[in-house]
file run-v5.tsv (TSV, C-alpha atoms)
chain	number	residue	atom	x	y	z
A	1	MET	CA	-29.64	8.51	-13.09
A	2	THR	CA	-29.10	9.72	-9.54
A	3	ARG	CA	-26.25	11.94	-8.45
A	4	ARG	CA	-24.67	9.04	-6.55
A	5	GLU	CA	-24.79	6.83	-9.63
A	6	ILE	CA	-23.19	9.56	-11.73
A	7	GLN	CA	-20.44	9.99	-9.13
A	8	ALA	CA	-19.84	6.25	-8.93
A	9	ASN	CA	-19.66	6.01	-12.74
A	10	LEU	CA	-17.26	8.94	-12.89
A	11	PHE	CA	-15.08	7.35	-10.21
A	12	GLN	CA	-15.05	4.07	-12.16
A	13	GLU	CA	-14.07	5.87	-15.36
A	14	TYR	CA	-11.10	7.54	-13.68
A	15	PHE	CA	-10.21	4.24	-12.10
A	16	ARG	CA	-10.11	2.62	-15.57
A	17	GLU	CA	-7.82	5.43	-16.76
A	18	LEU	CA	-5.56	4.89	-13.78
A	19	GLU	CA	-5.39	1.14	-14.35
A	20	LEU	CA	-4.42	1.74	-17.97
A	21	ALA	CA	-1.45	3.71	-16.67
A	22	LEU	CA	-0.10	0.70	-14.77
A	23	PRO	CA	1.49	-1.27	-17.65
A	24	ALA	CA	3.65	1.71	-18.64
A	25	LEU	CA	4.38	2.67	-15.06
A	26	TYR	CA	8.15	2.54	-15.25
A	27	ASP	CA	8.63	3.01	-18.99
A	28	GLN	CA	10.88	5.84	-19.96
A	29	GLY	CA	8.99	8.32	-22.03
A	30	SER	CA	5.68	7.65	-20.30
A	31	THR	CA	2.90	9.70	-21.81
A	32	ILE	CA	1.11	10.35	-18.53
A	33	ASP	CA	0.82	14.02	-17.77
A	34	PRO	CA	1.81	14.57	-14.12
A	35	ARG	CA	-1.26	16.81	-13.78
A	36	GLN	CA	-3.39	13.75	-14.52
A	37	VAL	CA	-2.00	12.11	-11.39
A	38	GLY	CA	-3.24	15.15	-9.47
A	39	ARG	CA	-6.70	14.79	-10.98
A	40	TRP	CA	-6.83	11.11	-10.08
A	41	SER	CA	-5.79	12.07	-6.58
A	42	GLY	CA	-8.62	14.59	-6.38
A	43	TYR	CA	-11.22	12.02	-7.37
A	44	TRP	CA	-9.81	9.53	-4.90
A	45	ALA	CA	-9.81	12.18	-2.15
A	46	ASN	CA	-13.45	13.03	-2.90
A	47	ALA	CA	-14.36	9.37	-2.59
A	48	TRP	CA	-12.27	9.03	0.59
A	49	GLU	CA	-14.07	11.99	2.15
A	50	GLY	CA	-17.43	10.50	1.19
A	51	TYR	CA	-18.34	13.06	-1.47
A	52	PHE	CA	-18.50	10.24	-4.01
A	53	ASP	CA	-20.47	7.19	-3.04
A	54	VAL	CA	-18.27	4.28	-4.10
A	55	PRO	CA	-17.73	0.80	-2.71
A	56	LYS	CA	-14.91	0.63	-0.18
A	57	ALA	CA	-13.25	-2.18	-2.13
A	58	ALA	CA	-12.99	0.15	-5.15
A	59	LEU	CA	-11.63	2.92	-2.91
A	60	LEU	CA	-8.97	0.55	-1.58
A	61	HIS	CA	-7.92	-0.71	-4.99
A	62	PHE	CA	-7.88	2.77	-6.51
A	63	GLY	CA	-5.75	4.02	-3.59
A	64	THR	CA	-3.17	1.26	-3.85
A	65	VAL	CA	-2.79	1.80	-7.60
A	66	LEU	CA	-2.74	5.59	-7.19
A	67	GLY	CA	0.04	5.32	-4.61
A	68	ARG	CA	2.23	3.36	-7.02
A	69	VAL	CA	1.49	5.60	-10.01
A	70	ALA	CA	2.00	8.79	-8.00
A	71	GLU	CA	5.39	7.63	-6.71
A	72	ALA	CA	6.49	6.54	-10.18
A	73	HIS	CA	5.65	10.01	-11.50
A	74	ALA	CA	7.45	11.83	-8.67
A	75	ARG	CA	4.23	12.90	-6.97
A	76	ASN	CA	5.48	11.69	-3.60
A	77	ASP	CA	3.16	14.11	-1.82
A	78	ILE	CA	0.17	12.24	-3.24
A	79	ALA	CA	1.69	8.80	-2.67
A	80	ALA	CA	2.54	9.67	0.94
A	81	GLU	CA	-0.96	10.91	1.73
A	82	VAL	CA	-2.78	8.01	0.09
A	83	LEU	CA	-0.52	5.33	1.57
A	84	HIS	CA	-0.67	6.95	5.01
A	85	LEU	CA	-4.47	7.01	5.00
A	86	LEU	CA	-4.67	3.40	3.83
A	87	ALA	CA	-2.06	2.26	6.35
A	88	GLU	CA	-3.83	3.99	9.22
A	89	SER	CA	-7.07	2.29	8.19
A	90	ALA	CA	-5.25	-1.05	8.01
A	91	VAL	CA	-3.92	-0.57	11.55
A	92	GLN	CA	-7.47	0.15	12.72
A	93	ASN	CA	-8.46	-3.20	11.20
A	94	VAL	CA	-11.35	-1.78	9.18
A	95	ASP	CA	-13.47	-4.47	7.59
A	96	TRP	CA	-13.06	-3.15	4.05
A	97	ILE	CA	-9.33	-3.93	4.06
A	98	PRO	CA	-9.38	-7.74	4.02
A	99	GLU	CA	-5.57	-8.04	4.11
A	100	PRO	CA	-4.04	-5.18	6.09
A	101	ALA	CA	-0.45	-6.51	6.18
A	102	PRO	CA	0.26	-5.95	2.45
A	103	ILE	CA	-1.04	-2.38	2.76
A	104	LEU	CA	1.33	-1.76	5.67
A	105	LEU	CA	4.19	-3.40	3.76
A	106	SER	CA	3.59	-1.12	0.75
A	107	ALA	CA	3.43	1.95	2.98
A	108	GLY	CA	6.63	0.86	4.73
A	109	GLU	CA	8.43	0.31	1.44
A	110	PHE	CA	7.40	3.78	0.30
A	111	ASN	CA	8.66	5.26	3.58
A	112	ARG	CA	11.98	3.39	3.23
A	113	ARG	CA	12.49	4.57	-0.34
A	114	GLY	CA	11.80	8.12	0.84
A	115	GLY	CA	14.38	7.82	3.62
A	116	ASN	CA	11.90	7.73	6.51
A	117	LEU	CA	13.37	4.60	8.10
A	118	GLN	CA	11.63	5.05	11.45
A	119	GLN	CA	8.17	5.20	9.85
A	120	ALA	CA	9.05	2.26	7.59
A	121	GLU	CA	10.08	0.19	10.60
A	122	SER	CA	6.87	1.11	12.39
A	123	ARG	CA	4.74	0.01	9.42
A	124	TYR	CA	6.68	-3.26	9.09
A	125	ASN	CA	6.31	-4.01	12.79
A	126	GLN	CA	2.57	-3.30	12.62
A	127	ALA	CA	2.30	-5.76	9.73
A	128	VAL	CA	4.33	-8.38	11.62
A	129	GLN	CA	1.94	-8.11	14.58
A	130	ILE	CA	-1.06	-8.62	12.31
A	131	LEU	CA	0.51	-11.63	10.62
A	132	GLU	CA	1.56	-13.21	13.91
A	133	ARG	CA	-2.08	-13.02	15.01
A	134	GLU	CA	-3.00	-14.73	11.73
A	135	LEU	CA	-0.55	-17.54	12.51
A	136	VAL	CA	-2.26	-18.11	15.85
A	137	LYS	CA	-5.57	-18.54	14.01
A	138	GLY	CA	-3.89	-21.25	11.95
A	139	GLU	CA	-5.44	-20.27	8.62
A	140	HIS	CA	-3.46	-19.73	5.41
A	141	ARG	CA	-0.19	-20.54	7.15
A	142	PRO	CA	1.99	-20.79	4.00
A	143	ALA	CA	0.80	-17.39	2.75
A	144	VAL	CA	1.32	-15.84	6.18
A	145	HIS	CA	4.85	-17.25	6.43
A	146	LYS	CA	5.60	-15.92	2.95
A	147	GLU	CA	4.49	-12.40	3.94
A	148	LEU	CA	6.46	-12.65	7.18
A	149	GLY	CA	9.52	-13.62	5.14
A	150	ARG	CA	9.10	-10.47	3.05
A	151	LEU	CA	8.62	-8.32	6.13
A	152	TYR	CA	11.65	-9.69	7.94
A	153	TYR	CA	13.68	-9.15	4.77
A	154	GLU	CA	12.59	-5.50	4.75
A	155	LEU	CA	13.40	-5.15	8.45
A	156	ALA	CA	16.85	-6.66	7.86
A	157	TYR	CA	17.37	-4.25	4.97
A	158	LEU	CA	16.60	-1.36	7.35
A	159	HIS	CA	19.25	-2.66	9.76
A	160	GLY	CA	21.70	-2.75	6.86
A	161	LEU	CA	20.89	0.83	5.91
A	162	ARG	CA	21.59	1.85	9.50
A	163	GLY	CA	24.83	-0.15	9.62
A	164	ASP	CA	23.55	-2.58	12.29
A	165	VAL	CA	25.32	-5.70	10.97
A	166	GLY	CA	24.49	-8.07	13.86
A	167	PRO	CA	20.74	-7.47	13.87
A	168	GLU	CA	20.73	-7.37	10.08
A	169	ARG	CA	22.14	-10.90	9.87
A	170	SER	CA	19.77	-12.39	12.46
A	171	VAL	CA	16.71	-10.79	10.88
A	172	TYR	CA	17.79	-12.04	7.42
A	173	GLU	CA	18.02	-15.50	8.98
A	174	ARG	CA	14.49	-15.10	10.35
A	175	SER	CA	13.37	-14.10	6.86
A	176	GLU	CA	14.89	-17.30	5.46
A	177	ILE	CA	13.16	-19.41	8.10
A	178	GLU	CA	9.78	-17.84	7.31
A	179	CYS	CA	10.32	-18.40	3.58
A	180	ASP	CA	11.24	-22.05	4.23
A	181	LEU	CA	8.06	-22.44	6.27
A	182	ALA	CA	6.05	-20.97	3.41
call {"tool": "encode", "arguments": {"input": "run-v5.tsv", "output": "structure tokens"}}
result
Amino acid sequence: MTRREIQANLFQEYFRELELALPALYDQGSTIDPRQVGRWSGYWANAWEGYFDVPKAALLHFGTVLGRVAEAHARNDIAAEVLHLLAESAVQNVDWIPEPAPILLSAGEFNRRGGNLQQAESRYNQAVQILERELVKGEHRPAVHKELGRLYYELAYLHGLRGDVGPERSVYERSEIECDLA
């Protein structure tokens, strides 16, 4: 077995461990050791940096799951780094992220929950731009309208957090329109 194959197998094994952590993600009394989240992060970082030769699709999936697990276990430093790297790749429209808008939405939600409303708004607006381009293409219109509905809801929520009642109401209305179109 080559070194690359060993690395890929090791990455897959840690990925399986991480996926097993998902069902109990928000259970009180979770048995996941917070240090394990750090180890998963290290393996993901090695793959991100190219030290482990893994398919980009696996890197993407591992990263999205790692972001959720890290946040749930109060490892916001890890979640922030992983979601930032994925979001920046999504903005660059890399070919290994087939649907960049959900990545940006997840990153924006994480930023909002962490109180970084400006970064959340930026991520949401980037996702809206991507989805509006998708609408012009005319493919998967119901799914695009559904995602736009979610994004406008999040943007309205940001206005509410800031106390901007007028914009909040109009953006909620836009969210409803997008959901109706879906």
call {"tool": "residues_around", "arguments": {"input": "run-v5.tsv", "residues": "range 169-176 of chain A", "least_positions_apart": "4", "cutoff": "10 Å", "atoms": "only C-alpha atoms", "output": "PyMOL selection string"}}
result
chain A and resi 145-157+159-160+164-165+180-182
call {"tool": "residues_around", "arguments": {"input": "run-v5.tsv", "residues": "Glu17 in chain A", "least_positions_apart": "2", "cutoff": "12 Å", "atoms": "only C-alpha atoms", "output": "list of chain:residue names"}}
result
A:Leu10, A:Phe11, A:Gln12, A:Glu13, A:Tyr14, A:Phe15, A:Glu19, A:Leu20, A:Ala21, A:Leu22, A:Pro23, A:Ile32, A:Gln36, A:Val37, A:Arg39, A:Trp40, A:Tyr43, A:Phe62, A:Val65, A:Leu66, A:Val69
call {"tool": "closest_residue", "arguments": {"input": "run-v5.tsv", "among": "A:Glu81, A:Glu168, A:Glu71, A:Glu139", "to": "Ala45 in chain A", "atoms": "only C-alpha atoms"}}
result
A:Glu81
call {"tool": "atom_distance", "arguments": {"input": "run-v5.tsv", "atom1": "CA of Ala107 in chain A", "atom2": "CA of Leu83 in chain A"}}
result
5.4 Å
call {"tool": "atom_distance", "arguments": {"input": "run-v5.tsv", "atom1": "CA of Asn9 in chain A", "atom2": "CA of Trp96 in chain A"}}
result
20.2 Å
call {"tool": "closest_residue", "arguments": {"input": "run-v5.tsv", "among": "A:Val54, A:Ala143, A:Ala70, A:Val94", "to": "Phe110 in chain A", "atoms": "all atoms listed in the file"}}
result
A:Ala70
